[in-house]
Amino acid sequence: MALKKEPEKHANHERWLVSYADFITLLFAVFVVLYAMGQSDKKKVEEVMQSLQQSFGMTNAGATSPKVNVIPSKAMTVIPAIKPEVSITPSGRQRSGTGKSRAEEKDFRQIKATVEAYLVKQGAQNKVTLEITRRGLIVSLKEAGFFNSGQAYIKPEAYELINTIAEVMTQYNNPLRLEGHTDNVPISTAQFPSNWELSTARATNALKYLLKNYDVDSDKISATGYGEFRPLADNATAEGRAKNRRVDLVMLSNDGVRGEP
């Protein structure tokens, strides 16, 4: 007698509900934990804020929560003064306090480039020329840009230009020489009987201006006048004479210092 076959079981299409329910349960548990952690952190932050306010003598009139000293007031002490940091000069060498470093050839090149860029920006290329020699950096202040004809005082409209030059150069402790020059056209006034007096007066006035307005050591700056006897160009032409009427601001190098009287 043949065995009776059991009826074939139908596939259960709702088994996925079990896995889905487990996933939802785990997800709910995660959010519950995150919420609990968030509430705990928020409460802790409020306590820390209240403690800081109390430590610094701050009060909150609208606060109703009890005072909690998370950070004890007795632990608050005065922070000791911080020592001044060592400043860095444009050349990369260090200097502390008011001490200044000695400029070298690479510093001369940097100063020259800085001033020339400023002159181009201001359209004042014809008023100042710069040159680096064995003596050091020579900045020639032409008469047309800084002095009235036959006068020794610096023109007020030239202050901004000379200030920019001085601010860059006086960052260093190189000795400075102010050297006055004229052309060979004679001058004979009650104030300036000759070009000697005029050239010397212009150099001296420039020196006084630097001493009054900038941190320059009196024993490292000097002024002299050469009259018409050290020309840059031929005095036979108006252009040459204009180049010769000048005050040279010389920032001496080590070789330049050794060559000075």
# chains A, B, ... in the order shown; residues from 1 in each chain; ligands from 1
>>> residues_around(residues="stretch 205-214 of chain A", least_positions_apart="2", cutoff="7 Å", atoms="only C-alpha atoms", output="list in words")
Tyr153, Leu178, Ala201, Arg202, Ala203, Val216 and Ala223 of chain A
>>> closest_residue(among="A:Glu167, A:Asp234, A:Asp219, A:Glu160", to="A:Asn184", atoms="only C-alpha atoms")
A:Asp234
>>> closest_residue(among="A:Arg177, A:Arg246, A:Arg135, A:Arg258", to="A:Gly227", atoms="only C-alpha atoms")
A:Arg246
>>> closest_residue(among="A:Glu197, A:Asp22, A:Asp248, A:Asp217", to="A:Gln171", atoms="only C-alpha atoms")
A:Asp217
>>> select_by_dssp(residues="stretch 121-153 of chain A", states="strand (DSSP E)", output="PyMOL selection string")
chain A and resi 128-133+136-142
>>> closest_residue(among="A:Val139, A:Ile187, A:Ile165, A:Val33", to="A:Ser199", atoms="only C-alpha atoms")
A:Ile187
>>> residues_around(residues="A:Thr189", least_positions_apart="3", cutoff="12 Å", atoms="only C-alpha atoms", output="JSON, numbers by chain")
{"A": [150, 151, 186, 192, 193, 194, 195, 197, 198]}
>>> write_last_selection(atoms="C-alpha atoms", output="CSV table (one decimal), in the first residue's frame")
chain,number,residue,atom,x,y,z
A,150,GLY,CA,69.6,128.2,-2.5
A,151,GLN,CA,67.9,127.0,0.7
A,186,PRO,CA,78.7,130.2,-7.1
A,192,PHE,CA,75.6,131.1,2.6
A,193,PRO,CA,78.7,132.9,1.4
A,194,SER,CA,79.8,129.9,-0.6
A,195,ASN,CA,78.7,126.4,-1.7
A,197,GLU,CA,78.2,126.5,3.7
A,198,LEU,CA,75.1,125.5,1.7
>>> closest_residue(among="A:Thr164, A:Val115, A:Leu137, A:Pro175", to="A:Lys100", atoms="only C-alpha atoms")
A:Pro175
>>> closest_residue(among="A:Thr204, A:Thr170, A:Ser140, A:Thr114", to="A:Gly99", atoms="only C-alpha atoms")
A:Thr170
>>> atom_distance(atom1="atom CA of A:Tyr118", atom2="atom CA of A:Ala166")
12.7 Å
>>> residues_around(residues="A:Asp255", least_positions_apart="6", cutoff="10 Å", atoms="only C-alpha atoms", output="number ranges by chain")
A: 133-136
>>> residues_around(residues="A:Ile111", least_positions_apart="3", cutoff="10 Å", atoms="only C-alpha atoms", output="list in words")
Pro90, Ala103, Glu105, Lys106, Asp107, Phe108, Thr114, Val115, Glu116, Ala117, Leu130, Leu137, Ile165, Val168 and Met169 of chain A
>>> select_by_dssp(residues="stretch 115-157 of chain A", states="helix (DSSP H, G or I)", output="VMD selection string")
chain A and resid 115 to 122 143 to 146 156 to 157
